[in-house]
file protein_31.cif (mmCIF, C-alpha atoms)
data_coords
loop_
_atom_site.label_atom_id
_atom_site.label_comp_id
_atom_site.auth_asym_id
_atom_site.auth_seq_id
_atom_site.Cartn_x
_atom_site.Cartn_y
_atom_site.Cartn_z
CA MET A 4 -41.78 34.36 2.10
CA LEU A 5 -38.89 31.92 1.60
CA SER A 6 -39.88 31.27 -2.02
CA ARG A 7 -39.91 35.03 -2.81
CA HIS A 8 -36.48 35.41 -1.18
CA LEU A 9 -35.07 32.53 -3.22
CA LEU A 10 -36.56 34.03 -6.39
CA ARG A 11 -34.84 37.36 -5.72
CA LEU A 12 -31.53 35.56 -5.09
CA SER A 13 -31.89 33.63 -8.32
CA SER A 14 -32.66 36.70 -10.43
CA SER A 15 -29.81 38.71 -8.92
CA SER A 16 -27.15 35.99 -9.25
CA SER A 17 -24.75 36.13 -12.15
CA SER A 18 -23.46 33.05 -13.95
CA SER A 19 -20.42 33.02 -11.66
CA SER A 20 -20.56 31.44 -8.21
CA VAL A 21 -21.76 33.58 -5.31
CA HIS A 22 -18.93 34.24 -2.85
CA THR A 23 -20.84 34.11 0.40
CA ALA A 24 -19.32 34.67 3.82
CA SER A 25 -19.25 30.89 4.33
CA HIS A 26 -17.47 30.41 1.00
CA LYS A 27 -14.86 33.05 1.93
CA GLU A 28 -14.33 31.47 5.36
CA LEU A 29 -13.66 28.09 3.73
CA VAL A 30 -11.21 29.52 1.20
CA ASP A 31 -9.36 31.48 3.90
CA PHE A 32 -9.17 28.36 6.06
CA CYS A 33 -7.73 26.31 3.19
CA LYS A 34 -5.15 29.00 2.42
CA GLY A 35 -4.02 28.96 6.03
CA GLU A 36 -3.75 25.17 6.15
CA LEU A 37 -1.81 25.09 2.87
CA ALA A 38 0.58 27.72 4.22
CA VAL A 39 1.20 25.56 7.28
CA ILE A 40 1.97 22.56 5.07
CA GLN A 41 4.32 24.65 2.92
CA GLU A 42 6.10 25.99 6.02
CA ALA A 43 6.55 22.47 7.38
CA GLY A 44 8.17 21.40 4.11
CA THR A 45 5.65 18.61 3.54
CA PHE A 46 3.75 20.05 0.57
CA LYS A 47 3.50 17.30 -2.03
CA GLN A 48 4.29 18.29 -5.60
CA GLU A 49 2.94 15.90 -8.23
CA ARG A 50 5.29 15.21 -11.11
CA VAL A 51 3.38 14.51 -14.31
CA ILE A 52 4.23 11.31 -16.22
CA GLU A 53 3.53 11.60 -19.94
CA GLY A 54 2.91 8.00 -20.89
CA PRO A 55 2.69 4.57 -19.24
CA GLN A 56 4.19 3.57 -15.91
CA GLY A 57 7.42 1.61 -16.24
CA VAL A 58 11.10 1.43 -15.30
CA GLU A 59 11.62 4.28 -17.78
CA VAL A 60 9.15 7.17 -17.67
CA LYS A 61 8.78 10.43 -19.54
CA VAL A 62 8.26 13.14 -16.93
CA ALA A 63 7.04 16.64 -17.79
CA GLY A 64 9.88 19.13 -17.60
CA PHE A 65 12.61 16.62 -18.39
CA ALA A 66 13.92 16.23 -21.93
CA MET A 67 15.02 12.63 -21.54
CA PRO A 68 13.21 9.64 -19.96
CA LEU A 69 14.03 8.95 -16.32
CA LEU A 70 14.83 5.59 -14.75
CA ASN A 71 12.06 5.06 -12.22
CA PHE A 72 13.20 3.79 -8.84
CA CYS A 73 10.27 5.05 -6.75
CA ALA A 74 7.21 3.08 -7.94
CA ASN A 75 5.40 0.15 -6.32
CA ASN A 76 5.68 -1.63 -9.69
CA TYR A 77 7.67 -4.44 -8.09
CA LEU A 78 7.11 -7.04 -10.81
CA GLY A 79 7.06 -4.64 -13.75
CA LEU A 80 3.52 -5.69 -14.64
CA SER A 81 1.94 -2.23 -14.85
CA SER A 82 2.76 -2.06 -18.56
CA HIS A 83 3.28 -5.76 -19.30
CA PRO A 84 1.91 -6.46 -22.82
CA GLU A 85 -0.07 -9.55 -21.77
CA VAL A 86 -1.64 -7.66 -18.87
CA ILE A 87 -2.59 -4.72 -21.12
CA ALA A 88 -4.06 -7.10 -23.73
CA ALA A 89 -6.15 -8.86 -21.08
CA GLY A 90 -7.56 -5.52 -19.91
CA LYS A 91 -8.50 -4.62 -23.48
CA ARG A 92 -10.22 -7.99 -24.01
CA ALA A 93 -12.27 -7.55 -20.85
CA LEU A 94 -13.26 -4.08 -22.00
CA ASP A 95 -14.61 -5.60 -25.22
CA THR A 96 -16.32 -8.62 -23.63
CA HIS A 97 -17.59 -7.17 -20.33
CA GLY A 98 -17.81 -3.41 -20.86
CA ALA A 99 -16.30 -0.32 -19.26
CA GLY A 100 -18.09 -0.56 -15.92
CA LEU A 101 -21.06 -1.98 -14.02
CA SER A 102 -22.87 1.16 -12.81
CA SER A 103 -23.89 -0.87 -9.78
CA VAL A 104 -22.78 -2.29 -6.48
CA ARG A 105 -22.07 -5.99 -6.34
CA PHE A 106 -25.28 -7.18 -4.66
CA ILE A 107 -27.69 -5.45 -7.07
CA CYS A 108 -26.44 -6.10 -10.61
CA GLY A 109 -22.69 -5.54 -10.35
CA THR A 110 -21.25 -9.06 -10.09
CA GLN A 111 -19.88 -10.59 -13.28
CA ASP A 112 -18.40 -14.01 -13.87
CA ILE A 113 -14.93 -12.46 -14.04
CA HIS A 114 -15.30 -10.99 -10.52
CA LYS A 115 -15.96 -14.47 -9.14
CA GLU A 116 -13.11 -15.92 -11.20
CA LEU A 117 -10.64 -13.36 -9.85
CA GLU A 118 -11.78 -13.87 -6.25
CA ALA A 119 -11.30 -17.63 -6.60
CA LYS A 120 -7.80 -17.20 -8.02
CA ILE A 121 -6.79 -14.76 -5.28
CA ALA A 122 -7.93 -17.26 -2.63
CA ARG A 123 -6.04 -20.06 -4.38
CA PHE A 124 -2.89 -17.95 -4.63
CA HIS A 125 -2.94 -17.27 -0.89
CA GLY A 126 -4.02 -20.79 0.07
CA ARG A 127 -7.25 -19.53 1.66
CA GLU A 128 -10.90 -20.50 1.26
CA ASP A 129 -12.38 -17.40 -0.34
CA ALA A 130 -11.78 -13.75 -1.20
CA ILE A 131 -13.77 -10.55 -1.63
CA LEU A 132 -12.89 -7.64 -3.93
CA TYR A 133 -12.97 -3.93 -3.05
CA ALA A 134 -12.25 -0.78 -5.03
CA ALA A 135 -8.97 -0.41 -3.10
CA CYS A 136 -7.17 -1.99 -0.16
CA PHE A 137 -7.94 1.19 1.77
CA ASP A 138 -11.58 0.11 1.46
CA ALA A 139 -10.73 -3.46 2.45
CA ASN A 140 -9.11 -2.15 5.63
CA ALA A 141 -12.06 0.18 6.21
CA GLY A 142 -14.49 -2.72 5.93
CA ILE A 143 -12.88 -5.55 7.84
CA PHE A 144 -12.40 -4.46 11.46
CA GLU A 145 -15.99 -3.36 12.12
CA GLN A 146 -17.09 -6.92 11.33
CA LEU A 147 -14.14 -8.58 13.01
CA ALA A 148 -14.36 -6.94 16.42
CA GLY A 149 -17.11 -5.30 18.48
CA PRO A 150 -17.40 -3.59 21.88
CA GLU A 151 -16.52 -6.82 23.74
CA ASP A 152 -13.33 -7.32 21.71
CA ALA A 153 -9.82 -5.84 21.48
CA ILE A 154 -7.59 -5.00 18.51
CA ILE A 155 -3.86 -4.81 19.18
CA SER A 156 -2.08 -2.90 16.42
CA ASP A 157 1.56 -2.11 15.57
CA GLU A 158 2.09 1.62 16.12
CA LEU A 159 3.50 2.08 12.59
CA ASN A 160 0.72 0.30 10.72
CA HIS A 161 -0.52 1.90 7.51
CA ALA A 162 -2.99 4.77 7.80
CA SER A 163 -5.77 2.63 6.31
CA ILE A 164 -5.39 0.05 9.10
CA ILE A 165 -5.46 2.81 11.70
CA ASP A 166 -8.61 4.30 10.17
CA GLY A 167 -10.25 0.88 9.85
CA VAL A 168 -9.57 0.05 13.49
CA ARG A 169 -11.09 3.38 14.52
CA LEU A 170 -14.31 2.46 12.71
CA SER A 171 -14.77 -0.58 14.93
CA LYS A 172 -16.18 -0.29 18.43
CA ALA A 173 -13.49 -2.57 19.84
CA LYS A 174 -11.01 -1.61 22.53
CA ARG A 175 -7.91 -0.30 20.75
CA LEU A 176 -4.40 -1.08 21.95
CA ARG A 177 -1.08 -0.29 20.29
CA TYR A 178 2.28 -1.96 20.70
CA LYS A 179 5.67 -0.44 19.98
CA HIS A 180 6.92 -1.09 16.47
CA LEU A 181 8.07 -4.73 16.11
CA ASP A 182 8.41 -4.95 19.92
CA MET A 183 7.27 -8.43 20.95
CA ASP A 184 7.61 -7.74 24.68
CA ASP A 185 5.22 -4.83 24.33
CA LEU A 186 2.86 -6.90 22.15
CA GLU A 187 2.72 -9.52 24.88
CA LYS A 188 2.05 -6.81 27.45
CA GLN A 189 -0.92 -5.55 25.41
CA LEU A 190 -2.22 -9.09 24.89
CA LYS A 191 -2.17 -9.64 28.66
CA GLU A 192 -4.11 -6.39 29.14
CA ALA A 193 -6.69 -7.61 26.62
CA GLN A 194 -7.33 -10.99 28.25
CA GLY A 195 -10.74 -9.87 29.45
CA ALA A 196 -11.93 -9.33 25.88
CA ARG A 197 -14.15 -11.85 24.11
CA ARG A 198 -11.88 -11.82 21.04
CA ARG A 199 -8.37 -10.50 20.54
CA VAL A 200 -7.09 -9.48 17.09
CA ILE A 201 -3.45 -8.70 16.32
CA ALA A 202 -3.19 -6.36 13.31
CA THR A 203 0.08 -5.75 11.51
CA ASP A 204 1.55 -4.88 8.16
CA GLY A 205 3.60 -7.74 6.76
CA VAL A 206 6.12 -5.26 5.38
CA PHE A 207 6.22 -1.62 6.50
CA SER A 208 6.49 0.60 3.46
CA MET A 209 8.64 3.46 4.76
CA ASP A 210 11.51 1.38 6.17
CA GLY A 211 11.09 -1.90 4.29
CA ASP A 212 11.22 -3.76 7.59
CA VAL A 213 9.31 -6.99 8.10
CA ALA A 214 6.95 -8.02 10.89
CA PRO A 215 8.37 -10.93 12.95
CA LEU A 216 5.44 -13.19 12.10
CA ARG A 217 6.92 -16.28 13.72
CA GLU A 218 7.00 -14.57 17.11
CA ILE A 219 3.68 -12.79 16.53
CA SER A 220 2.03 -16.07 15.57
CA TRP A 221 3.43 -17.76 18.68
CA LEU A 222 2.00 -15.00 20.88
CA ALA A 223 -1.32 -15.19 19.03
CA ASP A 224 -1.53 -18.91 19.84
CA LYS A 225 -0.45 -18.37 23.44
CA TYR A 226 -3.08 -15.70 24.11
CA LYS A 227 -5.78 -17.12 21.79
CA ALA A 228 -5.74 -14.16 19.40
CA LEU A 229 -6.58 -13.90 15.71
CA LEU A 230 -3.88 -12.63 13.32
CA PHE A 231 -4.56 -10.10 10.55
CA ILE A 232 -1.84 -9.11 8.05
CA ASP A 233 -1.82 -6.35 5.45
CA GLU A 234 0.34 -7.69 2.61
CA CYS A 235 0.24 -4.77 0.16
CA HIS A 236 4.04 -4.55 0.01
CA ALA A 237 4.58 -8.32 -0.14
CA THR A 238 1.96 -10.01 -2.32
CA GLY A 239 3.27 -11.36 -5.60
CA PHE A 240 6.98 -10.87 -5.02
CA PHE A 241 8.09 -11.49 -1.40
CA GLY A 242 9.01 -15.07 -0.65
CA LYS A 243 10.29 -17.76 -3.02
CA THR A 244 7.07 -17.87 -5.08
CA GLY A 245 5.75 -14.41 -4.14
CA ARG A 246 3.22 -15.65 -1.59
CA GLY A 247 4.23 -12.95 0.84
CA THR A 248 5.66 -12.50 4.30
CA GLU A 249 4.55 -15.89 5.63
CA GLU A 250 6.45 -17.64 2.85
CA GLU A 251 9.52 -15.41 3.15
CA LEU A 252 9.79 -16.29 6.85
CA GLY A 253 9.27 -20.00 6.27
CA LEU A 254 5.83 -20.19 7.84
CA GLY A 255 2.63 -21.84 6.75
CA ALA A 256 -0.73 -20.06 6.56
CA LYS A 257 -0.57 -18.49 10.02
CA ALA A 258 -2.85 -15.47 9.52
CA GLU A 259 -6.58 -15.97 9.70
CA LEU A 260 -7.09 -12.95 7.46
CA ILE A 261 -5.03 -11.19 4.81
CA ASN A 262 -5.77 -7.91 3.09
CA SER A 263 -3.81 -6.87 0.02
CA THR A 264 -3.94 -4.84 -3.17
CA LEU A 265 -4.07 -5.15 -6.93
CA GLY A 266 -2.59 -1.65 -7.17
CA LYS A 267 1.08 -2.38 -6.55
CA ALA A 268 2.85 -5.53 -7.76
CA LEU A 269 -0.28 -7.13 -9.21
CA GLY A 270 -0.66 -4.87 -12.23
CA GLY A 271 -0.71 -1.52 -10.49
CA ALA A 272 -4.25 -0.43 -11.40
CA MET A 273 -6.90 -0.37 -8.68
CA GLY A 274 -8.54 -2.83 -6.34
CA GLY A 275 -8.01 -4.49 -3.00
CA TYR A 276 -9.24 -7.63 -1.30
CA THR A 277 -9.66 -9.67 1.85
CA THR A 278 -8.96 -13.39 1.81
CA GLY A 279 -9.67 -15.88 4.58
CA PRO A 280 -12.36 -18.26 5.90
CA LYS A 281 -15.39 -18.55 3.61
CA GLU A 282 -17.84 -17.80 6.41
CA PHE A 283 -16.10 -14.52 7.26
CA ILE A 284 -15.92 -13.52 3.60
CA ASP A 285 -19.66 -14.24 3.33
CA LEU A 286 -20.26 -11.99 6.35
CA LEU A 287 -18.26 -9.18 4.71
CA ARG A 288 -20.46 -9.47 1.61
CA GLN A 289 -23.48 -8.87 3.84
CA ARG A 290 -22.16 -6.14 6.11
CA ALA A 291 -18.92 -4.46 4.96
CA ARG A 292 -19.98 -0.93 4.08
CA PRO A 293 -17.23 -0.14 1.51
CA TYR A 294 -18.28 -3.30 -0.36
CA LEU A 295 -22.02 -2.73 -0.11
CA PHE A 296 -21.96 0.95 -1.09
CA SER A 297 -19.15 1.16 -3.66
CA ASN A 298 -19.26 0.48 -7.37
CA SER A 299 -18.00 -2.89 -8.56
CA LEU A 300 -14.41 -3.09 -9.74
CA ALA A 301 -14.27 -2.18 -13.45
CA PRO A 302 -14.08 -5.11 -15.90
CA PRO A 303 -10.79 -4.03 -17.56
CA VAL A 304 -9.11 -3.97 -14.13
CA VAL A 305 -10.58 -7.37 -13.29
CA GLY A 306 -9.52 -8.82 -16.63
CA GLN A 307 -5.93 -7.66 -16.34
CA SER A 308 -5.78 -8.83 -12.70
CA ILE A 309 -6.89 -12.31 -13.74
CA LYS A 310 -4.01 -12.38 -16.22
CA VAL A 311 -1.60 -11.31 -13.47
CA MET A 312 -2.83 -14.09 -11.18
CA ASP A 313 -2.49 -16.60 -14.04
CA LEU A 314 1.10 -15.50 -14.62
CA LEU A 315 1.96 -15.84 -10.94
CA LEU A 316 0.14 -19.14 -10.45
CA GLU A 317 1.82 -20.71 -13.49
CA ASP A 318 5.47 -19.91 -12.72
CA ASN A 319 6.52 -16.88 -10.75
CA THR A 320 9.89 -16.23 -12.33
CA PHE A 321 9.16 -12.56 -11.64
CA ALA A 322 9.90 -13.01 -7.94
CA ARG A 323 13.26 -14.68 -8.63
CA THR A 324 14.20 -11.98 -11.12
CA LEU A 325 13.33 -9.26 -8.60
CA ALA A 326 15.36 -10.98 -5.86
CA ALA A 327 18.47 -10.81 -8.06
CA LYS A 328 17.99 -7.06 -8.65
CA VAL A 329 17.47 -6.44 -4.92
CA ALA A 330 20.68 -8.30 -4.08
CA GLN A 331 22.60 -6.38 -6.77
CA PHE A 332 21.45 -2.98 -5.52
CA ARG A 333 21.88 -3.66 -1.82
CA THR A 334 25.32 -5.23 -2.28
CA GLY A 335 26.51 -2.42 -4.55
CA MET A 336 25.35 0.28 -2.15
CA LYS A 337 26.87 -1.46 0.86
CA ASP A 338 30.20 -1.80 -0.95
CA LEU A 339 30.16 1.96 -1.56
CA GLY A 340 29.68 2.61 2.15
CA PHE A 341 25.97 3.50 2.22
CA THR A 342 23.61 2.34 4.93
CA VAL A 343 20.55 0.70 3.33
CA LEU A 344 17.63 0.04 5.66
CA GLY A 345 14.99 -2.67 5.51
CA HIS A 346 14.92 -6.42 5.11
CA VAL A 347 17.87 -7.74 3.10
CA SER A 348 15.54 -9.45 0.59
CA HIS A 349 12.97 -6.70 0.16
CA PRO A 350 12.85 -4.29 -2.83
CA ILE A 351 12.07 -1.32 -0.60
CA ALA A 352 15.65 -0.20 0.03
CA PRO A 353 15.78 3.12 1.92
CA VAL A 354 19.19 4.79 1.63
CA PHE A 355 19.76 6.31 5.08
CA LEU A 356 21.22 9.82 5.07
CA GLY A 357 20.06 11.41 8.34
CA ASP A 358 20.14 15.07 7.31
CA ALA A 359 16.99 16.33 5.57
CA ARG A 360 18.84 18.85 3.42
CA VAL A 361 21.28 16.21 2.22
CA ALA A 362 18.38 13.89 1.31
CA SER A 363 16.64 16.65 -0.64
CA GLU A 364 19.81 17.69 -2.45
CA MET A 365 20.78 14.11 -3.29
CA ALA A 366 17.32 13.36 -4.72
CA SER A 367 17.54 16.55 -6.82
CA GLN A 368 20.97 15.64 -8.18
CA MET A 369 19.87 12.07 -8.87
CA LEU A 370 17.07 13.47 -11.04
CA GLN A 371 19.66 15.41 -13.04
CA GLU A 372 21.49 12.10 -13.51
CA GLY A 373 18.29 10.62 -14.93
CA ILE A 374 17.36 8.63 -11.81
CA TYR A 375 13.87 9.26 -10.39
CA VAL A 376 13.99 8.84 -6.60
CA VAL A 377 12.34 10.76 -3.75
CA GLY A 378 13.77 11.98 -0.46
CA PHE A 379 11.80 11.64 2.79
CA SER A 380 12.37 13.67 5.93
CA TYR A 381 10.52 14.89 9.04
CA PRO A 382 7.59 14.68 9.70
CA VAL A 383 7.17 11.77 7.25
CA VAL A 384 10.03 10.07 9.13
CA PRO A 385 11.50 11.00 12.54
CA LYS A 386 13.91 13.93 12.81
CA GLY A 387 17.46 12.96 11.96
CA LYS A 388 16.35 9.93 9.94
CA ALA A 389 15.96 11.36 6.46
CA ARG A 390 16.43 8.93 3.63
CA ILE A 391 15.90 8.29 -0.07
CA ARG A 392 13.50 5.40 -0.52
CA VAL A 393 14.57 3.28 -3.48
CA GLN A 394 12.17 0.67 -4.87
CA LEU A 395 13.44 -2.05 -7.18
CA SER A 396 11.46 -3.76 -9.94
CA ALA A 397 11.87 -7.10 -11.66
CA ALA A 398 11.73 -5.13 -14.90
CA HIS A 399 14.90 -3.17 -14.11
CA THR A 400 17.88 -4.46 -16.06
CA LYS A 401 21.24 -5.14 -14.45
CA GLU A 402 22.61 -2.17 -16.35
CA GLN A 403 19.89 0.14 -15.00
CA VAL A 404 20.52 -0.96 -11.42
CA GLU A 405 24.25 -0.46 -11.95
CA LYS A 406 23.60 3.03 -13.33
CA ALA A 407 21.59 3.94 -10.21
CA VAL A 408 24.29 2.59 -7.86
CA ASN A 409 27.01 4.47 -9.72
CA ALA A 410 24.99 7.70 -9.60
CA PHE A 411 24.50 7.31 -5.85
CA GLY A 412 28.27 6.78 -5.53
CA ARG A 413 29.24 9.91 -7.47
CA ILE A 414 26.73 12.15 -5.73
CA GLY A 415 27.37 10.60 -2.33
CA LYS A 416 31.08 11.43 -2.60
CA LYS A 417 30.31 14.95 -3.83
CA LEU A 418 28.01 15.57 -0.84
CA GLY A 419 30.38 13.95 1.66
CA VAL A 420 27.99 11.14 2.51
CA ILE A 421 30.51 8.39 1.72
#

call {"tool": "encode", "arguments": {"input": "protein_31.cif", "output": "structure tokens"}}
result
Amino acid sequence: MLSRHLLRLSSSSSSSSVHTASHKELVDFCKGELAVIQEAGTFKQERVIEGPQGVEVKVAGFAMPLLNFCANNYLGLSSHPEVIAAGKRALDTHGAGLSSVRFICGTQDIHKELEAKIARFHGREDAILYAACFDANAGIFEQLAGPEDAIISDELNHASIIDGVRLSKAKRLRYKHLDMDDLEKQLKEAQGARRRVIATDGVFSMDGDVAPLREISWLADKYKALLFIDECHATGFFGKTGRGTEEELGLGAKAELINSTLGKALGGAMGGYTTGPKEFIDLLRQRARPYLFSNSLAPPVVGQSIKVMDLLLEDNTFARTLAAKVAQFRTGMKDLGFTVLGHVSHPIAPVFLGDARVASEMASQMLQEGIYVVGFSYPVVPKGKARIRVQLSAAHTKEQVEKAVNAFGRIGKKLGVI
């Protein structure tokens, strides 16, 4: 009976898809959700870059190249000639991809080489690669904490940390953003747990503010908790030699575990990792689901990432160069009368405007001046706290930074901001 019914359906179907009632319901649902997003003003339009990522980009719809001040390309390595050449060499020597997960036939010598160099860079025992740091955060907490344990997380942690914590069966506690009194309160509440884990971003990407790791580490010691840091917006460039938030704050290796990315400062392609004690890394290789059930990182990405690590391990002049550009931008904007949020040494430099319409209009006028920046307003940030998030790169020249500051000054005066 069923086979005859399926045969009739097959013979009566045209080459186009069959719009069933379920199909129509899905499409109608999506239209409604998209309308809600449009009405809220949070619909994300994707500008199309016609060429490589860099401090100057050719964007579809614009006749002239734009100066890019909104990328995570903090060290300017996304299009660095040595990095590109290393990716091409790996493509020739190790192929386009592995068509396998790591534990079957997807581990090459270059994967092990990169993991060793990542661990060395961070001063840890071992490291494990993932397709993205989102996957690293999805894989770590389920192995780090179980039903008898507690994870205490900053309320403004990245979405991938939040999702990763949800995947664990641990008790979940949140503390107010950067509030050490509230963190201590949550640690006291968690004293009955077998294991306590404090989870925080090292640098929070929307405001450019920095976790007070000295105080967090002191509380971790006091209440016998482990410390986990996500260093995606710190690795490679924050601190004197780019070792991240611990170095910037004058600390040693305080965190038991660090997750970070190859997709921002470290070449900007794909890939994430966890680094920490060898035994825990070994456990992740056995149990972390995003590692076990995802394809191995592609050889060209691995090859170029090895070159990035070599550059940073040899002599990280990139971090010093970036620090000078950050100081130039922040000082110039402050002298003009702007309020720039975030840590004074960090390249995420949000220009606070308050009014959402002003932020949108300023970003639009900056584009006409040849400066690519993006305005953020509610619900991405709280109401009344709209801003333009500027991100500096070591590859920006002094003249390019000066051009951006001057454009902000002209438009800021025109809009009555300064």

call {"tool": "resolve_selection", "arguments": {"input": "protein_31.cif", "expression": "the PyMOL selection byres ((chain A and resi 90-105) around 7)", "output": "PyMOL selection string"}}
result
chain A and resi 86-89+106-110+295-299+301-304+306-307

call {"tool": "residues_around", "arguments": {"input": "protein_31.cif", "residues": "Phe65 in chain A", "least_positions_apart": "3", "cutoff": "10 Å", "atoms": "all atoms listed in the file", "output": "list in words"}}
result
Lys61, Val62, Pro68, Leu69, Leu370, Gln371 and Gly373 of chain A

call {"tool": "resolve_selection", "arguments": {"input": "protein_31.cif", "expression": "the PyMOL selection byres ((chain A and resi 252) around 9)", "output": "ChimeraX atom specification"}}
result
/A:215-217,242,247-251,253-254

call {"tool": "resolve_selection", "arguments": {"input": "protein_31.cif", "expression": "the PyMOL selection byres ((chain A and resi 131) around 7)", "output": "list in words"}}
result
Glu118, Ala130, Leu132, Tyr133, Tyr276, Thr277, Thr278 and Ile284 of chain A

call {"tool": "residues_around", "arguments": {"input": "protein_31.cif", "residues": "Leu356 in chain A", "least_positions_apart": "3", "cutoff": "12 Å", "atoms": "all atoms listed in the file", "output": "VMD selection string"}}
result
chain A and resid 340 to 344 353 359 to 366 378 to 380 384 386 to 392 411 415 418 to 421

call {"tool": "atom_distance", "arguments": {"input": "protein_31.cif", "atom1": "CA of Ile165 in chain A", "atom2": "CA of Asn140 in chain A"}}
result
8.6 Å

call {"tool": "closest_atom_pairs", "arguments": {"input": "protein_31.cif", "of": "range 104-168 of chain A", "to": "range 183-206 of chain A", "cutoff": "12 Å", "atoms": "only C-alpha atoms", "output": "tab-separated table"}}
result
residue	atom	partner	partner_atom	distance
A:Asn140	CA	A:Ala202	CA	10.6
A:Ile143	CA	A:Ala202	CA	11.2
A:Phe144	CA	A:Val200	CA	9.2
A:Glu145	CA	A:Val200	CA	11.9
A:Gln146	CA	A:Val200	CA	11.8
A:Leu147	CA	A:Val200	CA	8.2
A:Ala148	CA	A:Arg198	CA	7.2
A:Gly149	CA	A:Arg198	CA	8.7
A:Pro150	CA	A:Ala196	CA	8.9
A:Glu151	CA	A:Arg197	CA	5.6
A:Asp152	CA	A:Arg198	CA	4.8
A:Ala153	CA	A:Arg199	CA	5.0
A:Ile154	CA	A:Val200	CA	4.7
A:Ile155	CA	A:Ile201	CA	4.8
A:Ser156	CA	A:Ala202	CA	4.8
A:Asp157	CA	A:Thr203	CA	5.7
A:Glu158	CA	A:Thr203	CA	8.9
A:Leu159	CA	A:Asp204	CA	8.5
A:Asn160	CA	A:Asp204	CA	5.8
A:His161	CA	A:Asp204	CA	7.1
A:Ala162	CA	A:Asp204	CA	10.7
A:Ser163	CA	A:Asp204	CA	10.6
A:Ile164	CA	A:Ala202	CA	8.0
A:Ile165	CA	A:Ala202	CA	9.6
A:Gly167	CA	A:Ala202	CA	10.7
A:Val168	CA	A:Ala202	CA	9.0

call {"tool": "atom_distance", "arguments": {"input": "protein_31.cif", "atom1": "CA of His83 in chain A", "atom2": "CA of Ala272 in chain A"}}
result
12.1 Å

call {"tool": "residues_around", "arguments": {"input": "protein_31.cif", "residues": "range 70-78 of chain A", "least_positions_apart": "4", "cutoff": "6 Å", "atoms": "all atoms listed in the file", "output": "JSON, numbers by chain"}}
result
{"A": [58, 59, 267, 268, 321, 374, 375, 376, 393, 394, 396, 397]}

call {"tool": "closest_residue", "arguments": {"input": "protein_31.cif", "among": "A:Ala38, A:Met67, A:Lys416, A:Pro55", "to": "Pro84 in chain A", "atoms": "all atoms listed in the file"}}
result
A:Pro55

call {"tool": "atom_distance", "arguments": {"input": "protein_31.cif", "atom1": "CA of Gln48 in chain A", "atom2": "CA of Glu372 in chain A"}}
result
19.9 Å

call {"tool": "closest_residue", "arguments": {"input": "protein_31.cif", "among": "A:Ala322, A:Ala66, A:Leu230, A:Val60", "to": "Leu269 in chain A", "atoms": "all atoms listed in the file"}}
result
A:Ala322

call {"tool": "closest_residue", "arguments": {"input": "protein_31.cif", "among": "A:Ser348, A:Thr244, A:Gln331, A:Ser25", "to": "Asp318 in chain A", "atoms": "all atoms listed in the file"}}
result
A:Thr244
